[in-house]
$ cat final-v1.txt   # compact mmCIF, C-alpha atoms
# COMPACT_ATOMS: atom_id res chain seq x y z
CA MET A 1 -59.01 -79.01 36.14
CA ARG A 2 -58.31 -75.30 35.84
CA ARG A 3 -60.00 -72.21 34.44
CA SER A 4 -59.46 -71.82 30.73
CA ARG A 5 -57.12 -69.03 29.74
CA TYR A 6 -59.86 -67.76 27.39
CA VAL A 7 -62.43 -67.20 30.15
CA ILE A 8 -63.20 -63.71 31.41
CA ALA A 9 -65.53 -62.91 34.29
CA VAL A 10 -67.56 -59.70 34.03
CA PRO A 11 -69.09 -58.64 37.38
CA GLY A 12 -72.70 -57.50 37.36
CA PRO A 13 -75.41 -56.48 39.81
CA GLU A 14 -76.51 -58.50 42.83
CA GLY A 15 -73.46 -60.73 42.86
CA GLU A 16 -73.94 -62.07 39.34
CA TYR A 17 -71.17 -62.61 36.78
CA LEU A 18 -71.17 -62.96 33.04
CA PHE A 19 -68.62 -65.63 32.14
CA VAL A 20 -67.40 -65.57 28.56
CA ASN A 21 -65.15 -67.97 26.73
CA THR A 22 -63.59 -65.78 24.06
CA PHE A 23 -62.59 -68.78 21.94
CA THR A 24 -65.75 -70.90 21.97
CA GLY A 25 -68.11 -67.92 22.27
CA ALA A 26 -69.96 -69.63 25.12
CA MET A 27 -71.56 -67.32 27.69
CA VAL A 28 -73.14 -68.15 31.02
CA ILE A 29 -74.48 -66.14 33.92
CA GLY A 30 -73.21 -67.38 37.26
CA THR A 31 -72.48 -66.34 40.81
CA GLU A 32 -69.57 -65.94 43.16
CA ASP A 33 -69.73 -69.70 43.69
CA THR A 34 -69.21 -70.27 39.96
CA LEU A 35 -66.19 -67.99 40.08
CA LYS A 36 -64.76 -69.94 43.01
CA ILE A 37 -65.20 -73.20 41.11
CA LEU A 38 -63.38 -71.80 38.09
CA GLU A 39 -60.60 -70.48 40.31
CA GLY A 40 -60.27 -73.81 42.12
CA GLU A 41 -61.12 -72.23 45.45
CA THR A 42 -63.84 -74.77 46.30
CA ASP A 43 -64.48 -78.46 45.76
CA PHE A 44 -68.22 -77.92 45.51
CA CYS A 45 -69.14 -78.81 41.96
CA ASP A 46 -71.49 -81.66 41.09
CA GLU A 47 -70.68 -83.94 38.18
CA GLU A 48 -73.29 -82.47 35.82
CA MET A 49 -72.02 -78.93 36.40
CA ARG A 50 -68.43 -80.04 35.90
CA GLU A 51 -69.31 -81.73 32.61
CA ASP A 52 -71.13 -78.61 31.43
CA LEU A 53 -68.21 -76.35 32.35
CA VAL A 54 -65.77 -78.65 30.58
CA SER A 55 -67.87 -79.04 27.41
CA ALA A 56 -68.36 -75.27 27.15
CA GLY A 57 -64.62 -74.75 27.55
CA PHE A 58 -64.68 -73.02 30.94
CA LEU A 59 -62.66 -75.75 32.68
CA THR A 60 -59.79 -77.64 31.08
CA GLU A 61 -57.10 -80.16 31.94
CA LEU A 62 -54.73 -78.66 29.37
CA THR A 63 -51.80 -76.45 30.30
CA PRO A 64 -51.97 -72.87 28.96
CA LYS A 65 -49.49 -73.80 26.21
CA GLU A 66 -51.45 -76.93 25.27
CA GLU A 67 -54.70 -74.98 25.29
CA THR A 68 -53.30 -72.33 22.94
CA GLU A 69 -52.01 -74.99 20.56
CA ALA A 70 -55.36 -76.81 20.62
CA ALA A 71 -57.29 -73.57 20.04
CA PHE A 72 -55.25 -72.59 16.99
CA LYS A 73 -55.40 -76.11 15.61
CA LYS A 74 -59.18 -75.98 15.84
CA LEU A 75 -59.22 -72.47 14.39
CA GLU A 76 -57.19 -73.73 11.46
CA SER A 77 -59.83 -76.40 10.81
CA ILE A 78 -62.53 -73.75 10.29
CA ARG A 79 -60.32 -71.43 8.24
CA PRO A 80 -62.35 -72.07 5.04
CA VAL A 81 -65.27 -70.26 6.71
CA PHE A 82 -63.35 -66.98 6.42
CA LYS A 83 -63.72 -66.40 2.70
CA GLU A 84 -62.24 -63.57 0.69
CA HIS A 85 -64.14 -61.24 -1.62
CA THR A 86 -67.65 -61.87 -0.31
CA LEU A 87 -68.74 -58.22 -0.46
CA PHE A 88 -67.96 -55.82 -3.31
CA VAL A 89 -68.18 -52.03 -3.15
CA PHE A 90 -68.18 -49.60 -6.10
CA ILE A 91 -66.74 -46.16 -5.33
CA LEU A 92 -68.36 -44.28 -8.18
CA THR A 93 -66.39 -41.09 -7.47
CA TYR A 94 -64.58 -39.37 -4.63
CA GLU A 95 -66.50 -36.17 -5.44
CA CYS A 96 -69.05 -35.12 -2.84
CA ASN A 97 -71.72 -32.42 -2.80
CA MET A 98 -71.41 -31.95 0.97
CA ARG A 99 -68.70 -31.29 3.54
CA CYS A 100 -69.24 -32.95 6.91
CA ASP A 101 -67.17 -31.97 9.93
CA TYR A 102 -66.13 -35.51 10.81
CA CYS A 103 -65.92 -37.05 7.32
CA PHE A 104 -63.34 -39.83 7.34
CA GLN A 105 -62.56 -39.09 3.68
CA SER A 106 -61.88 -35.40 4.28
CA TYR A 107 -58.18 -35.92 3.45
CA VAL A 108 -59.09 -36.24 -0.26
CA PHE A 109 -61.01 -32.97 -0.52
CA GLY A 110 -57.85 -30.90 -0.68
CA ARG A 111 -56.89 -32.49 -3.98
CA ASP A 112 -57.48 -30.78 -7.32
CA GLU A 113 -60.91 -30.70 -8.92
CA HIS A 114 -59.88 -32.94 -11.81
CA TRP A 115 -58.93 -35.71 -9.36
CA LEU A 116 -62.09 -35.30 -7.30
CA GLN A 117 -64.36 -35.33 -10.34
CA GLN A 118 -62.90 -38.55 -11.72
CA LYS A 119 -65.69 -41.10 -11.93
CA MET A 120 -66.11 -44.67 -13.03
CA THR A 121 -66.54 -45.11 -16.76
CA VAL A 122 -68.53 -47.82 -18.52
CA ASN A 123 -65.24 -49.66 -18.97
CA HIS A 124 -64.53 -49.44 -15.23
CA VAL A 125 -67.97 -50.79 -14.40
CA ASP A 126 -67.69 -53.67 -16.86
CA ALA A 127 -64.22 -54.53 -15.51
CA ALA A 128 -65.50 -54.42 -11.93
CA PHE A 129 -68.32 -56.87 -12.66
CA GLU A 130 -65.85 -59.12 -14.51
CA ALA A 131 -63.46 -58.96 -11.53
CA MET A 132 -66.30 -59.93 -9.19
CA GLU A 133 -67.01 -62.99 -11.32
CA ARG A 134 -63.37 -64.03 -11.30
CA LEU A 135 -62.81 -63.40 -7.59
CA ASN A 136 -66.03 -64.95 -6.32
CA PRO A 137 -68.50 -66.31 -8.89
CA ASP A 138 -70.76 -67.55 -6.08
CA GLN A 139 -71.02 -64.20 -4.29
CA GLN A 140 -74.57 -63.53 -3.09
CA ASN A 141 -74.29 -60.38 -0.96
CA PRO A 142 -75.65 -57.09 -2.33
CA VAL A 143 -73.20 -54.89 -4.21
CA HIS A 144 -72.64 -51.63 -2.29
CA LEU A 145 -72.47 -48.22 -3.98
CA PHE A 146 -70.27 -45.71 -2.17
CA GLY A 147 -68.31 -42.49 -2.67
CA GLY A 148 -67.56 -39.64 -2.11
CA GLU A 149 -71.21 -39.38 -2.87
CA PRO A 150 -72.60 -42.02 -5.24
CA LEU A 151 -75.95 -40.28 -5.87
CA ILE A 152 -74.88 -36.97 -7.39
CA TYR A 153 -77.49 -36.12 -10.00
CA HIS A 154 -75.03 -35.28 -12.77
CA ASN A 155 -73.82 -38.90 -12.49
CA TYR A 156 -77.34 -40.23 -13.13
CA ASP A 157 -76.34 -42.07 -16.32
CA LEU A 158 -73.49 -43.84 -14.52
CA VAL A 159 -75.76 -44.95 -11.68
CA GLN A 160 -78.32 -46.13 -14.22
CA TYR A 161 -75.71 -48.19 -16.08
CA ILE A 162 -74.44 -49.85 -12.89
CA LEU A 163 -77.91 -50.68 -11.57
CA GLU A 164 -79.25 -51.99 -14.87
CA LYS A 165 -76.16 -54.05 -15.64
CA GLY A 166 -76.02 -55.44 -12.11
CA THR A 167 -79.71 -56.27 -12.04
CA SER A 168 -79.39 -58.07 -15.40
CA LEU A 169 -76.61 -60.15 -13.82
CA GLY A 170 -78.82 -61.07 -10.87
CA LYS A 171 -77.18 -58.65 -8.43
CA SER A 172 -78.89 -56.57 -5.75
CA PHE A 173 -77.69 -53.26 -4.30
CA VAL A 174 -77.22 -51.34 -1.08
CA ILE A 175 -76.38 -47.64 -1.43
CA VAL A 176 -74.58 -45.51 1.17
CA THR A 177 -75.52 -41.90 0.42
CA ASN A 178 -75.81 -38.52 2.12
CA GLY A 179 -79.36 -38.38 0.77
CA LEU A 180 -79.13 -34.84 -0.58
CA GLU A 181 -80.22 -35.85 -4.09
CA ALA A 182 -81.23 -39.46 -3.48
CA ASP A 183 -84.92 -38.91 -4.23
CA LYS A 184 -84.05 -37.90 -7.80
CA PHE A 185 -83.03 -41.52 -8.43
CA ILE A 186 -86.32 -43.10 -7.29
CA PRO A 187 -87.34 -44.16 -10.84
CA LEU A 188 -84.09 -46.14 -11.10
CA PHE A 189 -84.61 -47.70 -7.68
CA GLU A 190 -88.10 -48.81 -8.60
CA GLU A 191 -86.89 -50.50 -11.78
CA ASN A 192 -83.90 -52.30 -10.28
CA ASN A 193 -83.09 -54.56 -7.34
CA ILE A 194 -82.39 -52.11 -4.50
CA ILE A 195 -82.30 -53.64 -1.01
CA SER A 196 -81.87 -50.41 0.95
CA LEU A 197 -80.21 -47.03 1.27
CA GLN A 198 -78.24 -45.72 4.24
CA ILE A 199 -78.63 -41.99 4.88
CA THR A 200 -77.12 -40.01 7.74
CA VAL A 201 -79.08 -37.36 9.64
CA ASP A 202 -77.09 -36.22 12.64
CA GLY A 203 -79.89 -35.20 14.96
CA ILE A 204 -82.13 -32.14 15.18
CA GLN A 205 -81.75 -29.48 12.52
CA LYS A 206 -79.43 -27.20 14.51
CA ILE A 207 -76.98 -30.03 15.23
CA HIS A 208 -77.18 -31.55 11.76
CA ASP A 209 -76.74 -28.27 9.87
CA GLU A 210 -73.67 -27.39 11.95
CA ARG A 211 -72.01 -30.70 11.10
CA LYS A 212 -73.22 -31.55 7.60
CA LYS A 213 -73.11 -28.62 5.18
CA ARG A 214 -73.55 -28.33 1.45
CA LEU A 215 -70.64 -27.10 -0.64
CA ASN A 216 -71.94 -23.52 -0.38
CA GLY A 217 -71.88 -23.71 3.42
CA THR A 218 -75.64 -23.92 3.94
CA GLY A 219 -77.38 -26.59 5.98
CA SER A 220 -78.69 -29.80 4.44
CA PHE A 221 -81.25 -30.98 7.02
CA GLN A 222 -84.52 -30.01 5.34
CA ARG A 223 -83.45 -31.25 1.91
CA ILE A 224 -82.34 -34.66 3.26
CA ILE A 225 -85.51 -35.05 5.35
CA LYS A 226 -87.56 -34.36 2.22
CA SER A 227 -85.55 -36.99 0.36
CA VAL A 228 -86.14 -39.60 3.09
CA ASP A 229 -89.87 -38.84 3.00
CA ARG A 230 -90.04 -39.38 -0.74
CA LEU A 231 -88.00 -42.58 -0.60
CA ALA A 232 -90.21 -44.04 2.13
CA GLU A 233 -93.34 -43.08 0.18
CA ALA A 234 -91.92 -44.96 -2.80
CA GLY A 235 -91.36 -48.06 -0.63
CA ILE A 236 -87.55 -47.77 -0.57
CA VAL A 237 -86.03 -48.93 2.73
CA VAL A 238 -83.84 -46.28 4.38
CA TYR A 239 -81.51 -47.06 7.26
CA LEU A 240 -81.37 -43.69 8.98
CA LYS A 241 -77.99 -43.31 10.64
CA THR A 242 -77.25 -40.74 13.33
CA ALA A 243 -73.54 -40.34 14.05
CA ILE A 244 -73.08 -39.26 17.65
CA ASP A 245 -70.21 -38.13 19.83
CA HIS A 246 -69.83 -36.63 23.29
CA SER A 247 -70.88 -33.18 22.10
CA THR A 248 -74.16 -34.30 20.49
CA VAL A 249 -75.34 -37.41 22.33
CA ARG A 250 -77.72 -35.55 24.65
CA SER A 251 -79.62 -34.07 21.73
CA LEU A 252 -80.58 -37.54 20.51
CA PRO A 253 -83.88 -37.76 22.49
CA ALA A 254 -85.09 -34.56 20.79
CA PHE A 255 -84.28 -36.08 17.40
CA MET A 256 -86.14 -39.25 18.33
CA GLU A 257 -89.15 -37.07 19.15
CA PHE A 258 -88.81 -35.48 15.71
CA ILE A 259 -88.73 -38.95 14.11
CA ALA A 260 -91.85 -39.94 16.06
CA ASP A 261 -93.66 -36.79 14.91
CA LYS A 262 -92.73 -37.66 11.33
CA GLY A 263 -94.40 -41.04 11.74
CA TRP A 264 -91.14 -42.86 11.07
CA ILE A 265 -91.05 -44.92 14.27
CA ASP A 266 -93.70 -47.32 12.96
CA ASN A 267 -92.77 -46.89 9.30
CA LYS A 268 -91.26 -50.13 8.00
CA TYR A 269 -89.34 -48.19 5.37
CA VAL A 270 -87.38 -45.99 7.81
CA ILE A 271 -85.10 -47.76 10.31
CA PRO A 272 -83.19 -45.37 12.61
CA PHE A 273 -79.96 -46.30 14.35
CA ALA A 274 -77.34 -44.33 16.28
CA THR A 275 -73.64 -45.07 16.18
CA PRO A 276 -70.55 -43.21 17.43
CA VAL A 277 -68.16 -41.40 15.11
CA ARG A 278 -65.07 -43.60 15.10
CA HIS A 279 -63.17 -43.69 11.80
CA HIS A 280 -59.48 -42.66 11.85
CA THR A 281 -59.34 -43.20 15.62
CA GLU A 282 -57.10 -45.28 17.83
CA GLY A 283 -58.63 -48.71 18.14
CA GLY A 284 -60.30 -48.61 14.73
CA CYS A 285 -63.87 -48.96 13.54
CA TYR A 286 -65.14 -51.02 16.49
CA ASN A 287 -63.86 -48.61 19.12
CA PHE A 288 -67.11 -47.13 20.40
CA MET A 289 -65.20 -45.19 23.05
CA ALA A 290 -63.17 -43.19 20.55
CA THR A 291 -65.58 -40.24 20.71
CA LEU A 292 -67.90 -41.15 23.60
CA GLN A 293 -67.44 -41.28 27.36
CA GLU A 294 -68.81 -43.83 29.82
CA GLU A 295 -71.36 -41.28 31.07
CA ASP A 296 -72.66 -41.04 27.48
CA LEU A 297 -73.21 -44.79 27.37
CA ASP A 298 -75.15 -44.59 30.64
CA PHE A 299 -77.29 -41.81 29.19
CA LEU A 300 -78.09 -43.77 26.04
CA PHE A 301 -78.81 -46.90 28.04
CA GLU A 302 -81.12 -45.25 30.54
CA ASN A 303 -83.07 -43.06 28.12
CA GLU A 304 -86.05 -44.95 26.73
CA ALA A 305 -86.23 -42.72 23.65
CA THR A 306 -82.67 -43.59 22.58
CA TYR A 307 -82.30 -47.13 23.84
CA GLU A 308 -83.53 -49.11 20.84
CA THR A 309 -81.87 -46.80 18.33
CA PHE A 310 -78.52 -47.16 20.10
CA TRP A 311 -78.96 -50.93 20.33
CA ARG A 312 -79.28 -51.13 16.52
CA GLY A 313 -76.04 -49.19 16.24
CA LEU A 314 -74.36 -51.68 18.59
CA TYR A 315 -75.30 -54.67 16.46
CA PRO A 316 -71.89 -55.08 14.72
CA LEU A 317 -70.14 -54.97 18.11
CA ALA A 318 -72.63 -57.44 19.61
CA GLN A 319 -72.01 -59.78 16.70
CA LYS A 320 -68.25 -59.50 17.11
CA LEU A 321 -68.38 -60.27 20.85
CA GLY A 322 -70.68 -63.27 20.57
CA PHE A 323 -74.09 -61.95 21.61
CA MET A 324 -75.67 -62.95 18.30
CA ASP A 325 -76.30 -66.19 16.45
CA ASN A 326 -73.72 -67.69 14.08
CA TRP A 327 -70.71 -66.42 15.99
CA PHE A 328 -67.26 -67.60 14.94
CA PRO A 329 -63.92 -66.80 16.53
CA GLN A 330 -62.38 -63.88 14.68
CA ILE A 331 -59.24 -64.28 12.59
CA SER A 332 -59.00 -60.55 11.90
CA TYR A 333 -60.19 -57.37 13.57
CA CYS A 334 -61.83 -55.87 10.55
CA ARG A 335 -64.87 -56.93 8.56
CA HIS A 336 -63.05 -55.62 5.47
CA ASN A 337 -60.30 -58.19 5.81
CA PRO A 338 -60.51 -60.48 4.01
CA SER A 339 -64.14 -60.18 2.93
CA GLN A 340 -64.65 -56.71 1.43
CA THR A 341 -63.24 -55.51 -1.90
CA TRP A 342 -63.50 -51.86 -2.94
CA PHE A 343 -63.29 -50.75 -6.60
CA ASP A 344 -62.46 -47.05 -7.00
CA PRO A 345 -62.86 -44.70 -10.01
CA PHE A 346 -59.14 -44.87 -10.86
CA GLY A 347 -59.17 -48.65 -11.35
CA ASP A 348 -57.60 -49.36 -7.95
CA ILE A 349 -58.64 -51.91 -5.32
CA TYR A 350 -58.71 -51.21 -1.57
CA LEU A 351 -59.48 -53.30 1.50
CA CYS A 352 -59.85 -50.63 4.20
CA THR A 353 -62.33 -47.73 4.33
CA ASP A 354 -59.86 -45.53 6.20
CA SER A 355 -57.43 -45.70 3.29
CA LEU A 356 -59.72 -45.14 0.29
CA GLY A 357 -58.13 -42.91 -2.33
CA ASP A 358 -54.73 -43.09 -0.63
CA LYS A 359 -52.67 -44.72 -3.38
CA GLU A 360 -50.04 -46.14 -1.06
CA HIS A 361 -52.75 -48.37 0.45
CA ALA A 362 -54.15 -49.68 -2.85
CA VAL A 363 -53.79 -53.46 -2.92
CA GLY A 364 -54.06 -53.86 -6.67
CA THR A 365 -56.08 -52.91 -9.72
CA TYR A 366 -59.22 -54.20 -11.43
CA TYR A 367 -58.81 -51.96 -14.50
CA PRO A 368 -57.31 -52.17 -17.06
CA GLU A 369 -56.51 -55.64 -15.66
CA LEU A 370 -57.02 -57.52 -12.41
CA THR A 371 -53.77 -57.57 -10.43
CA PHE A 372 -52.72 -57.64 -6.79
CA ASN A 373 -49.57 -56.18 -5.24
CA GLU A 374 -47.51 -56.83 -2.11
CA GLN A 375 -49.89 -54.73 0.02
CA TYR A 376 -52.63 -57.24 -0.71
CA TYR A 377 -50.56 -60.15 0.49
CA GLN A 378 -49.57 -58.20 3.60
CA TRP A 379 -53.25 -57.67 4.42
CA ARG A 380 -53.98 -61.35 3.83
CA LYS A 381 -51.39 -62.14 6.50
CA ARG A 382 -53.04 -59.78 8.97
CA THR A 383 -54.81 -62.56 10.84
CA THR A 384 -54.36 -64.25 14.19
CA PHE A 385 -52.73 -67.15 12.34
CA ASP A 386 -49.77 -65.02 11.27
CA MET A 387 -49.61 -62.38 14.03
CA LYS A 388 -47.64 -64.34 16.60
CA SER A 389 -48.03 -61.64 19.26
CA CYS A 390 -51.74 -62.54 19.37
CA HIS A 391 -51.26 -66.24 20.04
CA HIS A 392 -50.98 -65.87 23.79
CA CYS A 393 -53.71 -63.26 24.22
CA ARG A 394 -57.04 -64.33 25.66
CA PHE A 395 -58.80 -61.67 23.56
CA ALA A 396 -57.27 -62.79 20.25
CA MET A 397 -60.40 -64.53 18.98
CA ILE A 398 -62.64 -61.50 19.47
CA CYS A 399 -60.06 -58.81 18.70
CA GLY A 400 -58.20 -60.30 15.77
CA GLY A 401 -55.11 -58.17 16.27
CA GLY A 402 -56.70 -54.74 16.22
CA CYS A 403 -56.78 -52.10 13.50
CA GLY A 404 -54.20 -52.51 10.72
CA HIS A 405 -54.63 -48.99 9.41
CA HIS A 406 -53.81 -47.64 12.85
CA THR A 407 -50.72 -49.83 13.27
CA TYR A 408 -49.49 -48.98 9.77
CA HIS A 409 -49.41 -45.28 10.60
CA ASN A 410 -48.55 -45.43 14.29
CA LYS A 411 -46.53 -48.60 14.83
CA GLY A 412 -44.62 -48.98 11.61
CA GLY A 413 -46.44 -51.82 9.89
CA ILE A 414 -49.67 -53.62 9.07
CA LEU A 415 -48.61 -56.78 10.89
CA LYS A 416 -48.16 -55.05 14.23
CA SER A 417 -50.93 -55.64 16.77
CA ASP A 418 -53.14 -52.92 18.26
CA CYS A 419 -54.57 -53.74 21.68
CA SER A 420 -56.67 -50.58 22.11
CA PHE A 421 -59.95 -52.42 21.52
CA SER A 422 -59.15 -55.47 23.65
CA LYS A 423 -58.23 -53.29 26.62
CA GLN A 424 -61.79 -51.92 26.66
CA VAL A 425 -63.64 -55.19 26.07
CA GLU A 426 -63.70 -56.46 29.64
CA LYS A 427 -64.31 -53.11 31.30
CA ILE A 428 -66.74 -51.45 28.88
CA TYR A 429 -68.14 -53.49 26.00
CA TYR A 430 -69.14 -56.76 27.66
CA PRO A 431 -70.74 -54.99 30.66
CA LEU A 432 -72.62 -52.62 28.32
CA LEU A 433 -73.99 -55.35 26.07
CA TRP A 434 -74.88 -57.59 28.99
CA LYS A 435 -76.74 -54.71 30.61
CA MET A 436 -78.68 -54.09 27.41
CA PHE A 437 -79.58 -57.76 27.07
CA ARG A 438 -80.79 -57.83 30.67
CA LYS A 439 -82.91 -54.73 30.17
CA VAL A 440 -84.95 -56.26 27.38
CA LYS A 441 -84.75 -59.76 28.92
CA ILE A 442 -83.06 -61.23 25.87
CA THR A 443 -81.45 -64.64 26.20
CA GLY A 444 -79.04 -65.28 23.39
CA PRO A 445 -78.31 -68.71 21.93
CA GLN A 446 -75.44 -69.27 24.37
CA LEU A 447 -76.46 -66.97 27.23
CA HIS A 448 -78.26 -68.81 30.02
CA THR A 449 -78.53 -68.93 33.80
CA LYS A 450 -78.01 -72.62 34.47
CA TRP A 451 -74.99 -72.09 36.69
$ encode --input "final-v1.txt" --output "structure tokens"
Amino acid sequence: MRRSRYVIAVPGPEGEYLFVNTFTGAMVIGTEDTLKILEGETDFCDEEMREDLVSAGFLTELTPKEETEAAFKKLESIRPVFKEHTLFVFILTYECNMRCDYCFQSYVFGRDEHWLQQKMTVNHVDAAFEAMERLNPDQQNPVHLFGGEPLIYHNYDLVQYILEKGTSLGKSFVIVTNGLEADKFIPLFEENNIISLQITVDGIQKIHDERKKRLNGTGSFQRIIKSVDRLAEAGIVVYLKTAIDHSTVRSLPAFMEFIADKGWIDNKYVIPFATPVRHHTEGGCYNFMATLQEEDLDFLFENEATYETFWRGLYPLAQKLGFMDNWFPQISYCRHNPSQTWFDPFGDIYLCTDSLGDKEHAVGTYYPELTFNEQYYQWRKRTTFDMKSCHHCRFAMICGGGCGHHTYHNKGGILKSDCSFSKQVEKIYYPLLWKMFRKVKITGPQLHTKW
């Protein structure tokens, strides 16, 4: 018996270790003795413990080569779980009524006004719903509305058409908006099947107004706060996002105090969460260290006012690394591949948020007809099945090959691997999440202290 190649040992306080099998997703808390058993440094291991370690994949009789082959054979057997086109997003327009310092779509704002003001037509909307039916007639997830800014008031009729048509087809909606004019659409929200809105407020007014300005250069804080108030009063759920980085993280407690004073902490219609700015960064969308430092993580962890809000922002990462129910080994780094499909106002289809509006990254069209190009088939190959460089990596099943947008621009191709994320997993992300679980005394479905 030997330690599985997929097992990592994360040291913790008081001699404890978090042992993770990155292929099976199994996690256990053990001691130095457990580590010695896994390393073959001691014969002390009763039969029950040995059986448990073997069944959870921590000990194996297979050689590293045999183990890799067995892992990918098993991964192949669950491949049908990873379905394409399970979430659809409508980009109503690339036009936006704000300019945010860190906007990941800022590269489009230098284009001419005619391009920016292009919006979906009735024909685009009809074609998008028809494409959804052809690509995945059983799709149940809410349709997402996105931009630019989807809730610009002069596009009211377009929003109304999408919501009414979608609702008549049995669809529900999630809307990602800056919130500046969102309250003007409340009558539509009340008449149609709206699950929630996501609105970003980047902290206290001084911080927010410096980072998120209207087109005329003035701040947007008070107007967005007013919009959130009205939405909550109407019973519309708002996920209140605060995008943080090293320069703003220490202002978060003051913003949490503001939220408390507003009565939003106990308001079931306002759900705050904090997440780092990380688009267009090395390591991709899961790289929480792109704009934060380790001291910032310590601050967020230790501050009671920010702890729960930050934990909500960590949820996608916790899901990816196996701290949540229903974990599966990853076949790709990105949630957008192969599940998400983005329809833009020019009739193009995209798979990656970092490439929206960049024609060279379009993977096909949905209007005037549904077609896919070579880019689409390249993205479909961007999985651990086809990226041979990932086959011998112990992080492959949680990393999935890294960010394809990053490798396209920095390594010469989508099918190149990016190890930026996996290099930080053992040192930063597992210790952080384990620490947070310990703090609130959470025991996940596979996280126990038997050994």
$ residues_around --input "final-v1.txt" --residues "Val238 in chain A" --least-positions-apart "2" --cutoff "6 Å" --atoms "all atoms listed in the file" --output "compact mmCIF listing (two decimals) with C-alpha atoms, keeping the file's coordinate frame"
# COMPACT_ATOMS: atom_id res chain seq x y z
CA SER A 196 -81.87 -50.41 0.95
CA LEU A 197 -80.21 -47.03 1.27
CA GLN A 198 -78.24 -45.72 4.24
CA LEU A 240 -81.37 -43.69 8.98
CA TYR A 269 -89.34 -48.19 5.37
CA VAL A 270 -87.38 -45.99 7.81
$ residues_around --input "final-v1.txt" --residues "Phe189 in chain A" --least-positions-apart "5" --cutoff "9 Å" --atoms "all atoms listed in the file" --output "mmCIF file with C-alpha atoms, in the frame of the given file"
data_model
loop_
_atom_site.group_PDB
_atom_site.id
_atom_site.type_symbol
_atom_site.label_atom_id
_atom_site.label_comp_id
_atom_site.auth_asym_id
_atom_site.auth_seq_id
_atom_site.Cartn_x
_atom_site.Cartn_y
_atom_site.Cartn_z
ATOM 1 C CA LEU A 163 -77.910 -50.680 -11.570
ATOM 2 C CA ILE A 194 -82.390 -52.110 -4.500
ATOM 3 C CA ILE A 236 -87.550 -47.770 -0.570
#
$ atom_distance --input "final-v1.txt" --atom1 "CA of Asn303 in chain A" --atom2 "CA of Lys435 in chain A"
13.5 Å
$ closest_atom_pairs --input "final-v1.txt" --of "range 42-119 of chain A" --to "range 342-359 of chain A" --cutoff "9 Å" --atoms "all atoms listed in the file" --output "CSV"
residue,atom,partner,partner_atom,distance
A:Leu87,CA,A:Trp342,CA,8.6
A:Phe88,CA,A:Trp342,CA,6.0
A:Val89,CA,A:Trp342,CA,4.7
A:Phe90,CA,A:Phe343,CA,5.0
A:Ile91,CA,A:Asp344,CA,4.7
A:Leu92,CA,A:Pro345,CA,5.8
A:Thr93,CA,A:Pro345,CA,5.7
A:Tyr94,CA,A:Gly357,CA,7.7
A:Phe104,CA,A:Asp354,CA,6.8
A:Gln105,CA,A:Asp354,CA,7.4
A:Tyr107,CA,A:Asp358,CA,8.9
A:Val108,CA,A:Gly357,CA,7.0
A:Gln118,CA,A:Pro345,CA,6.4
A:Lys119,CA,A:Pro345,CA,5.0
$ write_last_selection --input "final-v1.txt" --atoms "C-alpha atoms" --output "PDB file, keeping the file's coordinate frame"
ATOM      1  CA  LEU A  87     -68.740 -58.220  -0.460  1.00  0.00           C
ATOM      2  CA  PHE A  88     -67.960 -55.820  -3.310  1.00  0.00           C
ATOM      3  CA  VAL A  89     -68.180 -52.030  -3.150  1.00  0.00           C
ATOM      4  CA  PHE A  90     -68.180 -49.600  -6.100  1.00  0.00           C
ATOM      5  CA  ILE A  91     -66.740 -46.160  -5.330  1.00  0.00           C
ATOM      6  CA  LEU A  92     -68.360 -44.280  -8.180  1.00  0.00           C
ATOM      7  CA  THR A  93     -66.390 -41.090  -7.470  1.00  0.00           C
ATOM      8  CA  TYR A  94     -64.580 -39.370  -4.630  1.00  0.00           C
ATOM      9  CA  PHE A 104     -63.340 -39.830   7.340  1.00  0.00           C
ATOM     10  CA  GLN A 105     -62.560 -39.090   3.680  1.00  0.00           C
ATOM     11  CA  TYR A 107     -58.180 -35.920   3.450  1.00  0.00           C
ATOM     12  CA  VAL A 108     -59.090 -36.240  -0.260  1.00  0.00           C
ATOM     13  CA  GLN A 118     -62.900 -38.550 -11.720  1.00  0.00           C
ATOM     14  CA  LYS A 119     -65.690 -41.100 -11.930  1.00  0.00           C
TER      15      LYS A 119
END
$ atom_distance --input "final-v1.txt" --atom1 "CA of His208 in chain A" --atom2 "CA of Phe221 in chain A"
6.3 Å
$ residues_around --input "final-v1.txt" --residues "range 397-404 of chain A" --least-positions-apart "5" --cutoff "10 Å" --atoms "all atoms listed in the file" --output "count of residues only"
55
$ atom_distance --input "final-v1.txt" --atom1 "CA of Phe299 in chain A" --atom2 "CA of Glu14 in chain A"
21.6 Å
$ closest_residue --input "final-v1.txt" --among "A:Lys241, A:Lys171, A:Lys206, A:Lys36" --to "Ala274 in chain A" --atoms "all atoms listed in the file"
A:Lys241
